[in-house]
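**Q** The file below is protein.csv, CSV, C-alpha atoms and all ligand atoms:
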chain,number,residue,atom,x,y,z
A,1,MET,CA,-10.4,91.6,-80.0
A,2,ARG,CA,-11.4,92.2,-83.6
A,3,HIS,CA,-9.7,94.4,-86.1
A,4,LEU,CA,-11.1,95.2,-89.5
A,5,ALA,CA,-9.1,96.5,-92.4
A,6,THR,CA,-9.6,96.5,-96.1
A,7,ALA,CA,-7.4,95.8,-99.1
A,8,LEU,CA,-8.5,96.1,-102.7
A,9,ALA,CA,-12.1,96.5,-101.5
A,10,VAL,CA,-12.1,93.0,-99.9
A,11,ALA,CA,-12.3,92.6,-96.1
A,12,VAL,CA,-9.4,91.4,-94.2
A,13,THR,CA,-10.6,90.2,-90.9
A,14,LEU,CA,-8.4,89.4,-88.0
A,15,THR,CA,-9.5,87.8,-84.8
A,16,ALA,CA,-6.8,87.4,-82.3
A,17,GLY,CA,-5.9,87.1,-78.7
A,18,ALA,CA,-2.4,88.2,-79.1
A,19,ALA,CA,-0.8,91.5,-80.1
A,20,TRP,CA,-0.9,91.6,-83.9
A,21,ASN,CA,-0.7,94.2,-86.5
A,22,PRO,CA,-3.3,93.9,-89.2
A,23,ALA,CA,-1.3,96.1,-91.5
A,24,VAL,CA,1.2,93.3,-92.2
A,25,VAL,CA,-1.2,91.1,-94.0
A,26,THR,CA,0.0,91.1,-97.5
A,27,ALA,CA,-2.6,89.2,-99.6
A,28,THR,CA,-6.1,90.2,-100.3
A,29,ALA,CA,-9.5,88.6,-99.5
A,30,GLU,CA,-8.0,86.9,-96.5
A,31,THR,CA,-9.2,86.1,-93.0
A,32,THR,CA,-6.9,85.3,-90.2
A,33,ARG,CA,-8.1,83.7,-87.0
A,34,ASN,CA,-6.8,82.1,-83.9
A,35,PRO,CA,-8.7,78.8,-83.5
A,36,ALA,CA,-8.6,76.1,-80.9
A,37,ALA,CA,-5.6,74.7,-82.7
A,38,THR,CA,-3.3,76.8,-80.6
A,39,ALA,CA,-3.6,74.0,-78.0
A,40,GLY,CA,-1.5,71.7,-80.1
A,41,LYS,CA,2.2,71.2,-79.7
A,42,PRO,CA,4.1,73.4,-82.2
A,43,SER,CA,5.4,71.2,-85.0
A,44,GLY,CA,7.1,74.0,-87.0
A,45,ASP,CA,4.9,73.1,-89.9
A,46,LEU,CA,2.6,75.1,-92.1
A,47,THR,CA,-0.6,73.1,-92.8
A,48,PRO,CA,-2.6,73.8,-96.0
A,49,ILE,CA,-6.3,73.8,-95.5
A,50,ALA,CA,-9.3,73.8,-97.8
A,51,GLY,CA,-13.0,74.6,-97.2
A,52,ALA,CA,-14.2,71.4,-99.1
A,53,ASP,CA,-13.0,67.9,-99.8
A,54,ARG,CA,-13.6,68.4,-103.5
A,55,LEU,CA,-14.7,71.1,-105.9
A,56,VAL,CA,-17.3,70.7,-108.6
A,57,ALA,CA,-17.2,73.0,-111.6
A,58,ALA,CA,-19.6,73.0,-114.5
A,59,LEU,CA,-18.6,73.0,-118.2
A,60,GLY,CA,-20.0,76.0,-119.8
A,61,MET,CA,-20.2,78.1,-116.7
A,62,ASP,CA,-20.2,81.8,-117.3
A,63,PRO,CA,-16.6,83.0,-117.0
A,64,ALA,CA,-17.8,85.9,-114.9
A,65,CYS,CA,-18.9,83.4,-112.2
A,66,PRO,CA,-16.1,80.9,-111.6
A,67,ALA,CA,-16.2,78.1,-109.1
A,68,LYS,CA,-15.1,79.1,-105.5
A,69,ILE,CA,-13.4,77.3,-102.7
A,70,GLU,CA,-11.9,78.6,-99.4
A,71,ILE,CA,-8.2,77.8,-99.0
A,72,GLY,CA,-5.7,78.7,-96.4
A,73,MET,CA,-3.0,77.6,-94.1
A,74,ARG,CA,-2.4,77.2,-90.4
A,75,SER,CA,0.9,77.9,-88.7
A,76,ASP,CA,2.2,75.5,-86.1
A,77,ALA,CA,5.5,77.2,-86.1
A,78,GLU,CA,7.1,78.3,-82.7
A,79,LYS,CA,7.5,81.9,-83.7
A,80,PRO,CA,5.7,84.4,-86.0
A,81,ALA,CA,7.0,84.2,-89.5
A,82,TYR,CA,6.2,84.9,-93.1
A,83,ALA,CA,4.3,81.9,-94.3
A,84,THR,CA,3.9,81.0,-98.0
A,85,MET,CA,1.7,78.5,-99.7
A,86,ASP,CA,1.8,77.7,-103.5
A,87,VAL,CA,-1.4,77.2,-105.3
A,88,GLU,CA,-1.2,74.9,-108.4
A,89,ILE,CA,-4.0,73.6,-110.6
A,90,ASP,CA,-4.0,71.2,-113.5
A,91,PRO,CA,-4.4,73.0,-116.9
A,92,PRO,CA,-6.4,74.1,-118.6
A,93,LEU,CA,-8.2,75.1,-115.4
A,94,THR,CA,-7.0,78.4,-114.0
A,95,ALA,CA,-6.9,79.7,-110.4
A,96,SER,CA,-7.2,83.3,-109.3
A,97,ARG,CA,-4.0,83.2,-107.4
A,98,SER,CA,-0.8,81.2,-107.5
A,99,MET,CA,0.4,81.9,-104.0
A,100,LEU,CA,-0.9,82.8,-100.5
A,101,THR,CA,1.5,84.6,-98.3
A,102,SER,CA,1.3,86.4,-95.0
A,103,TYR,CA,3.1,87.2,-91.7
A,104,LEU,CA,1.5,84.5,-89.5
A,105,PRO,CA,1.8,84.1,-85.7
A,106,PRO,CA,1.8,80.5,-84.3
A,107,GLY,CA,-1.6,78.8,-84.2
A,108,TYR,CA,-3.2,81.3,-86.6
A,109,GLU,CA,-5.0,80.4,-89.8
A,110,LEU,CA,-4.9,82.5,-92.9
A,111,GLY,CA,-7.9,82.0,-95.3
A,112,ALA,CA,-8.7,83.3,-98.7
A,113,LYS,CA,-11.3,82.6,-101.4
A,114,LEU,CA,-9.9,80.9,-104.5
A,115,LEU,CA,-11.7,81.3,-107.9
A,116,VAL,CA,-11.4,78.4,-110.4
A,117,ALA,CA,-12.2,79.1,-114.0
A,118,VAL,CA,-13.1,76.4,-116.6
A,119,PRO,CA,-12.0,77.6,-120.0
A,120,PRO,CA,-14.2,76.5,-123.0
A,121,GLU,CA,-11.6,73.9,-124.2
A,122,THR,CA,-11.7,72.0,-120.9
A,123,SER,CA,-12.7,68.3,-121.2
A,124,GLU,CA,-15.0,66.6,-118.7
A,125,GLY,CA,-13.0,64.9,-116.0
A,126,THR,CA,-11.3,65.2,-112.6
A,127,TYR,CA,-8.5,67.6,-112.2
A,128,GLU,CA,-6.3,68.5,-109.2
A,129,LEU,CA,-5.8,71.5,-107.1
A,130,ARG,CA,-2.7,71.4,-105.0
A,131,LEU,CA,-1.9,73.6,-102.0
A,132,ARG,CA,1.8,73.3,-101.2
A,133,THR,CA,3.7,74.5,-98.2
A,134,ARG,CA,7.3,73.6,-97.5
A,135,ALA,CA,6.4,70.4,-95.7
A,136,LYS,CA,2.9,69.4,-96.8
A,137,THR,CA,0.7,69.2,-99.9
A,138,LEU,CA,-3.0,69.1,-99.8
A,139,LYS,CA,-4.7,67.8,-103.0
A,140,VAL,CA,-8.2,68.7,-103.7
A,141,PRO,CA,-10.0,67.0,-106.7
A,142,VAL,CA,-11.8,69.3,-109.1
A,143,ASP,CA,-14.6,67.6,-110.9
A,144,VAL,CA,-15.5,69.2,-114.2
A,145,VAL,CA,-18.9,68.0,-115.4
A,146,PRO,CA,-21.4,69.1,-118.1
A,147,LEU,CA,-24.3,71.1,-116.8
A,148,ASP,CA,-26.7,68.3,-117.5
A,149,LYS,CA,-24.7,65.9,-115.2
A,150,LEU,CA,-24.3,68.5,-112.5
A,151,ASP,CA,-25.8,67.5,-109.1
A,152,ASN,CA,-27.9,70.6,-108.7
A,153,GLY,CA,-29.7,69.5,-105.5
A,154,GLY,CA,-33.0,70.1,-107.3
A,155,ASN,CA,-32.3,73.7,-108.1
A,156,LEU,CA,-32.9,73.9,-111.9
A,157,ALA,CA,-31.3,77.3,-112.1
A,158,LEU,CA,-27.9,76.3,-110.8
A,159,HIS,CA,-25.1,77.5,-113.2
A,160,ARG,CA,-27.6,78.0,-116.0
A,161,PRO,CA,-27.3,81.0,-118.4
A,162,VAL,CA,-28.5,84.3,-116.9
A,163,THR,CA,-29.5,87.4,-118.8
A,164,ALA,CA,-30.4,90.8,-117.2
A,165,SER,CA,-31.9,94.0,-118.4
A,166,SER,CA,-28.8,95.9,-117.3
A,167,GLN,CA,-25.4,95.2,-115.8
A,168,HIS,CA,-23.6,97.5,-113.3
A,169,THR,CA,-20.4,99.0,-114.6
A,170,ASN,CA,-18.7,97.4,-111.7
A,171,ALA,CA,-17.8,93.9,-112.7
A,172,ASN,CA,-18.3,92.6,-109.2
A,173,TYR,CA,-22.1,92.3,-109.7
A,174,PRO,CA,-22.4,89.9,-112.7
A,175,PRO,CA,-25.9,88.6,-113.6
A,176,CYS,CA,-24.6,85.0,-113.5
A,177,SER,CA,-24.0,85.4,-109.8
A,178,VAL,CA,-27.7,84.8,-109.1
A,179,ALA,CA,-27.3,81.2,-110.2
A,180,ASP,CA,-23.9,80.4,-108.8
A,181,GLY,CA,-25.2,78.4,-105.8
A,182,ASP,CA,-24.0,81.0,-103.3
A,183,THR,CA,-27.0,82.4,-101.4
A,184,SER,CA,-25.0,84.3,-98.8
A,185,SER,CA,-25.1,88.1,-98.8
A,186,ASN,CA,-21.8,88.2,-97.0
A,187,GLY,CA,-19.0,89.6,-99.1
A,188,TRP,CA,-21.5,91.8,-101.1
A,189,ALA,CA,-19.7,93.3,-104.1
A,190,GLY,CA,-17.5,90.3,-104.2
A,191,GLY,CA,-19.2,88.7,-107.1
A,192,ASN,CA,-22.0,87.0,-105.2
A,193,GLY,CA,-25.0,88.9,-106.4
A,194,TRP,CA,-26.4,91.1,-109.1
A,195,ASN,CA,-26.8,94.9,-108.9
A,196,ASP,CA,-28.5,96.4,-111.9
A,197,ALA,CA,-27.3,99.6,-113.5
A,198,THR,CA,-30.5,101.7,-113.5
A,199,SER,CA,-31.1,103.4,-110.1
A,200,ARG,CA,-34.6,104.6,-109.6
A,201,SER,CA,-35.8,103.1,-112.9
A,202,TRP,CA,-38.2,100.2,-113.1
A,203,PRO,CA,-38.8,97.5,-114.0
A,204,ASP,CA,-35.6,95.5,-114.1
A,205,THR,CA,-35.5,92.0,-115.3
A,206,ILE,CA,-33.3,89.0,-114.8
A,207,ALA,CA,-33.9,85.6,-116.5
A,208,VAL,CA,-32.5,82.2,-116.0
A,209,ALA,CA,-32.7,79.7,-118.9
A,210,LEU,CA,-33.4,76.2,-117.7
A,211,GLY,CA,-31.7,74.3,-120.6
A,212,GLY,CA,-35.0,72.9,-121.9
A,213,PRO,CA,-38.6,72.6,-120.8
A,214,GLU,CA,-38.9,71.8,-117.1
A,215,GLN,CA,-41.8,71.6,-114.8
A,216,VAL,CA,-41.5,74.3,-112.1
A,217,SER,CA,-43.6,75.3,-109.2
A,218,ARG,CA,-41.3,77.2,-106.8
A,219,VAL,CA,-38.9,80.1,-106.9
A,220,ASP,CA,-36.7,81.2,-104.0
A,221,LEU,CA,-35.3,84.7,-104.2
A,222,TYR,CA,-32.5,85.9,-102.0
A,223,THR,CA,-32.0,89.7,-101.9
A,224,LEU,CA,-29.2,91.6,-100.3
A,225,ASP,CA,-29.6,91.2,-96.5
A,226,THR,CA,-26.8,91.7,-94.1
A,227,GLU,CA,-26.3,93.6,-90.8
A,228,ARG,CA,-24.8,96.5,-92.7
A,229,TYR,CA,-27.2,96.3,-95.7
A,230,PRO,CA,-30.5,95.0,-94.3
A,231,ALA,CA,-33.1,93.9,-96.8
A,232,SER,CA,-35.5,96.4,-95.2
A,233,ARG,CA,-33.4,99.2,-96.7
A,234,HIS,CA,-31.3,97.6,-99.4
A,235,GLY,CA,-33.3,94.6,-100.5
A,236,LEU,CA,-36.0,94.0,-103.2
A,237,ARG,CA,-39.5,95.0,-102.2
A,238,ASP,CA,-41.8,94.3,-105.1
A,239,TRP,CA,-41.5,91.8,-107.9
A,240,ASP,CA,-43.3,89.4,-110.2
A,241,VAL,CA,-42.1,85.9,-110.8
A,242,GLN,CA,-42.6,84.9,-114.5
A,243,ALA,CA,-42.3,81.6,-116.3
A,244,GLN,CA,-41.7,81.3,-120.0
A,245,VAL,CA,-44.3,78.9,-121.3
A,246,ASN,CA,-44.4,78.2,-125.1
A,247,GLY,CA,-42.4,81.3,-125.7
A,248,GLU,CA,-44.5,83.7,-123.7
A,249,TRP,CA,-43.8,85.1,-120.2
A,250,ARG,CA,-46.5,84.3,-117.8
A,251,THR,CA,-46.8,85.8,-114.3
A,252,VAL,CA,-47.0,82.9,-111.8
A,253,ALA,CA,-46.4,84.7,-108.5
A,254,GLN,CA,-46.2,88.2,-107.1
A,255,VAL,CA,-44.4,89.5,-104.1
A,256,ARG,CA,-45.2,92.9,-102.6
A,257,GLY,CA,-43.9,94.9,-99.6
A,258,ASN,CA,-41.1,92.5,-98.9
A,259,THR,CA,-38.5,93.3,-96.2
A,260,ALA,CA,-37.0,89.8,-95.8
A,261,GLY,CA,-33.7,88.5,-97.2
A,262,ASN,CA,-35.3,85.3,-98.6
A,263,VAL,CA,-38.7,84.8,-100.1
A,264,ARG,CA,-40.2,81.5,-101.3
A,265,SER,CA,-42.9,81.7,-104.0
A,266,ASP,CA,-45.0,78.6,-104.7
A,267,PHE,CA,-47.3,78.4,-107.6
A,268,ALA,CA,-49.3,75.9,-109.7
A,269,PRO,CA,-46.8,73.8,-111.8
A,270,VAL,CA,-46.0,75.0,-115.3
A,271,THR,CA,-43.7,73.7,-117.9
A,272,ALA,CA,-41.2,76.5,-118.6
A,273,ASP,CA,-38.0,77.1,-120.6
A,274,ALA,CA,-36.9,80.0,-118.4
A,275,VAL,CA,-37.9,81.8,-115.3
A,276,ARG,CA,-37.4,85.5,-114.7
A,277,ILE,CA,-37.9,88.1,-112.0
A,278,VAL,CA,-39.5,91.4,-112.9
A,279,ALA,CA,-38.3,93.8,-110.3
A,280,LEU,CA,-40.6,96.6,-109.6
A,281,ALA,CA,-39.3,98.4,-106.5
A,282,SER,CA,-36.6,98.2,-103.8
A,283,ASN,CA,-36.7,99.3,-100.2
A,284,GLY,CA,-35.1,102.7,-100.8
A,285,ALA,CA,-31.4,102.9,-100.6
A,286,ASN,CA,-30.3,104.2,-104.1
A,287,ASP,CA,-33.2,102.2,-105.5
A,288,TYR,CA,-31.3,99.5,-107.2
A,289,THR,CA,-32.3,95.9,-107.7
A,290,ARG,CA,-30.0,93.7,-105.7
A,291,ILE,CA,-30.5,89.9,-106.0
A,292,ILE,CA,-28.1,87.4,-104.4
A,293,GLU,CA,-29.6,84.2,-105.8
A,294,ILE,CA,-32.6,82.8,-107.6
A,295,GLU,CA,-33.4,79.1,-107.1
A,296,VAL,CA,-36.0,77.3,-109.3
A,297,ARG,CA,-37.7,74.0,-108.4
B,301,CA,CA,-25.2,84.1,-105.7
Turn the structure described in the file into structure tokens.
**A**
Amino acid sequence: MRHLATALAVAVTLTAGAAWNPAVVTATAETTRNPAATAGKPSGDLTPIAGADRLVAALGMDPACPAKIEIGMRSDAEKPAYATMDVEIDPPLTASRSMLTSYLPPGYELGAKLLVAVPPETSEGTYELRLRTRAKTLKVPVDVVPLDKLDNGGNLALHRPVTASSQHTNANYPPCSVADGDTSSNGWAGGNGWNDATSRSWPDTIAVALGGPEQVSRVDLYTLDTERYPASRHGLRDWDVQAQVNGEWRTVAQVRGNTAGNVRSDFAPVTADAVRIVALASNGANDYTRIIEIEVR
């Protein structure tokens, strides 16, 4: 059985085998599910959970695109109850919420996305995120590293400065979201991709500065593509890939007639300071440019 409700434009998804009223979920951006954990003997505890062992955040990241981590708690209580977890983080880092709370049946997990911002005065180092329930505390290290020391997995665009020809009035589509490392279209309008501001007007451009001359030969572009918003109707159709070489933009690849969510463009290596996408057409729906991620190698 699957219920779907929304709160503050963010999906609240409930997957349950027991009778359960989705209206009682009090927090936003949360998911509740009933995992195999129900088989365990009830301990009466609330267990904090995190989607990663540690979080890496880059110094100088665009404030519009904070680091993200999934957090939550699981109830092993014997009866449904209101469950609360405090969220603490070492300053000067800031977290998007200080508490997670919900009515939670036994065996259920409540999940939410936590945004962690790195203010400009932050020093390089390891900080701590603490998820506290009454009985347990889960500590998650947060490594704050300069961009040049970031393990970018070979993606030269990761967390680099992004500029775009326009920005939608809705702040949930910031240009920097195309270089935040999140290639998933799920949660569209939740800060994971760029939507330009000029419907039916072309071209649109979005550029990623590479932080110095870098040899590049490949760009992977992720456009909006979900079951609800398929790329064949909502994604980018035609674009040029350009590299900035000695101060001039040079077209290194072209894509036409695309209907896929992810397109890889390979080209002869060039030494570039920046890479940009010149968007020329989308696949119809409202004719916006919608890009989830741009990876450069
Ligand atoms: Ca993204």
**Q** Quick one: contact table of chain A to ligand CA 301 (chain B), 9 Å max, nearest atom pair and distance in Å to one decimal per residue, counting only C-alpha atoms and all ligand atoms, chain and number order, as a Markdown table?
**A**
| residue | atom | partner | partner_atom | distance |
| --- | --- | --- | --- | --- |
| A:Cys176 | CA | B:CA301 | CA | 7.9 |
| A:Ser177 | CA | B:CA301 | CA | 4.5 |
| A:Val178 | CA | B:CA301 | CA | 4.3 |
| A:Ala179 | CA | B:CA301 | CA | 5.8 |
| A:Asp180 | CA | B:CA301 | CA | 5.0 |
| A:Gly181 | CA | B:CA301 | CA | 5.7 |
| A:Asp182 | CA | B:CA301 | CA | 4.1 |
| A:Thr183 | CA | B:CA301 | CA | 5.0 |
| A:Ser184 | CA | B:CA301 | CA | 6.9 |
| A:Ser185 | CA | B:CA301 | CA | 8.0 |
| A:Gly191 | CA | B:CA301 | CA | 7.7 |
| A:Asn192 | CA | B:CA301 | CA | 4.3 |
| A:Gly193 | CA | B:CA301 | CA | 4.9 |
| A:Trp194 | CA | B:CA301 | CA | 7.9 |
| A:Tyr222 | CA | B:CA301 | CA | 8.4 |
| A:Ile291 | CA | B:CA301 | CA | 7.9 |
| A:Ile292 | CA | B:CA301 | CA | 4.6 |
| A:Glu293 | CA | B:CA301 | CA | 4.4 |
| A:Ile294 | CA | B:CA301 | CA | 7.7 |
**Q** Quick one, how far is CA of Gly190 (chain A) from CA of Pro230 (chain A)?
**A** 17.0 Å
**Q** Between A:Gly72, A:Pro120, A:Pro106, A:Gly261, which one has atoms that come closest to Val87 (chain A), using only C-alpha atoms?
**A**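 Using only C-alpha atoms, Val87 (chain A) sits closest to A:Gly72.
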**Q** What gap, in Å, lies between CA of Asp238 (chain A) and CA of Thr163 (chain A)?
**A**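 Interatomic distance here is 19.7 Å.
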**Q** Could you please determine the separation between CA of Val208 (chain A) and CA of Asp53 (chain A) in Å, to one decimal place?
**A**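 Going from CA of Val208 (chain A) over to CA of Asp53 (chain A) covers 29.1 Å.
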**Q** Need to verify the contact set: Val275 (chain A), 7 Å, all atoms listed in the file, exclusion of same-chain residues closer than 3 positions in sequence. Can you return it as a list of chain:residue names?
**A**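 Near neighbours after the sequence-gap exclusion: A:Ala207, A:Val208, A:Ala209, A:Gln242, A:Ala243, A:Gln244.
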**Q** With only C-alpha atoms as the atoms that count, which of A:Asn283, A:Thr271, A:Thr126, A:Thr226 lies nearest to Glu248 (chain A)?
**A**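 Between A:Asn283, A:Thr271, A:Thr126, A:Thr226, the residue approaching Glu248 (chain A) most closely is A:Thr271.
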**Q** Residues at most 10 Å from region 144-157 of chain A, counting only C-alpha atoms, excluding those fewer than 3 positions away in the same chain, as a ChimeraX atom specification?
**A** /A:55-61,93,118,122-127,141,160-162,178-181,207-211,214-216,218-220,274-275,293-297
**Q** Based on the selection just made, write C-alpha atoms of those residues as a CSV table (one decimal), in the coordinates of the input.
**A**
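File produced: part.csv:
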chain,number,residue,atom,x,y,z
A,55,LEU,CA,-14.7,71.1,-105.9
A,56,VAL,CA,-17.3,70.7,-108.6
A,57,ALA,CA,-17.2,73.0,-111.6
A,58,ALA,CA,-19.6,73.0,-114.5
A,59,LEU,CA,-18.6,73.0,-118.2
A,60,GLY,CA,-20.0,76.0,-119.8
A,61,MET,CA,-20.2,78.1,-116.7
A,93,LEU,CA,-8.2,75.1,-115.4
A,118,VAL,CA,-13.1,76.4,-116.6
A,122,THR,CA,-11.7,72.0,-120.9
A,123,SER,CA,-12.7,68.3,-121.2
A,124,GLU,CA,-15.0,66.6,-118.7
A,125,GLY,CA,-13.0,64.9,-116.0
A,126,THR,CA,-11.3,65.2,-112.6
A,127,TYR,CA,-8.5,67.6,-112.2
A,141,PRO,CA,-10.0,67.0,-106.7
A,160,ARG,CA,-27.6,78.0,-116.0
A,161,PRO,CA,-27.3,81.0,-118.4
A,162,VAL,CA,-28.5,84.3,-116.9
A,178,VAL,CA,-27.7,84.8,-109.1
A,179,ALA,CA,-27.3,81.2,-110.2
A,180,ASP,CA,-23.9,80.4,-108.8
A,181,GLY,CA,-25.2,78.4,-105.8
A,207,ALA,CA,-33.9,85.6,-116.5
A,208,VAL,CA,-32.5,82.2,-116.0
A,209,ALA,CA,-32.7,79.7,-118.9
A,210,LEU,CA,-33.4,76.2,-117.7
A,211,GLY,CA,-31.7,74.3,-120.6
A,214,GLU,CA,-38.9,71.8,-117.1
A,215,GLN,CA,-41.8,71.6,-114.8
A,216,VAL,CA,-41.5,74.3,-112.1
A,218,ARG,CA,-41.3,77.2,-106.8
A,219,VAL,CA,-38.9,80.1,-106.9
A,220,ASP,CA,-36.7,81.2,-104.0
A,274,ALA,CA,-36.9,80.0,-118.4
A,275,VAL,CA,-37.9,81.8,-115.3
A,293,GLU,CA,-29.6,84.2,-105.8
A,294,ILE,CA,-32.6,82.8,-107.6
A,295,GLU,CA,-33.4,79.1,-107.1
A,296,VAL,CA,-36.0,77.3,-109.3
A,297,ARG,CA,-37.7,74.0,-108.4
**Q** Using only C-alpha atoms, can you tell me which of A:Asp90, A:Asp240, A:Glu128, A:Asp204 comes closest to Asn258 (chain A)?
**A** A:Asp240
**Q** Please determine, counting only C-alpha atoms, which residue among A:Thr47, A:Arg264, A:Leu114, A:Ala253 has the shortest atom-to-atom distance to Ile89 (chain A).
**A**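 Of A:Thr47, A:Arg264, A:Leu114, A:Ala253, the one nearest Ile89 (chain A) is A:Leu114, counting only C-alpha atoms.
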**Q** Please provide the set of residues having any atom within 12 Å of region 227-229 of chain A, restricted to all atoms listed in the file, with same-chain residues fewer than 6 positions apart removed, written as a list of chain:residue names.
**A** A:Ser185, A:Asn186, A:Gly187, A:Trp188, A:Ala189, A:Gly235, A:Leu236, A:Thr259, A:Ala260, A:Gly261, A:Asn283, A:Gly284, A:Ala285, A:Asn286, A:Arg290
**Q** Which of these, A:Ala272, A:Cys65, A:Ala135, A:Ala279, has the shortest distance to Ser166 (chain A) once you count all atoms listed in the file?
**A**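 Looking only at the distances to Ser166 (chain A), the closest residue turns out to be A:Ala279.
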**Q** So which one's closest to Ser201 (chain A), A:Ser232, A:Thr289, A:Ser217, A:Ser98? Using only C-alpha atoms, please.
**A**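 The closest residue to Ser201 (chain A) is A:Thr289.
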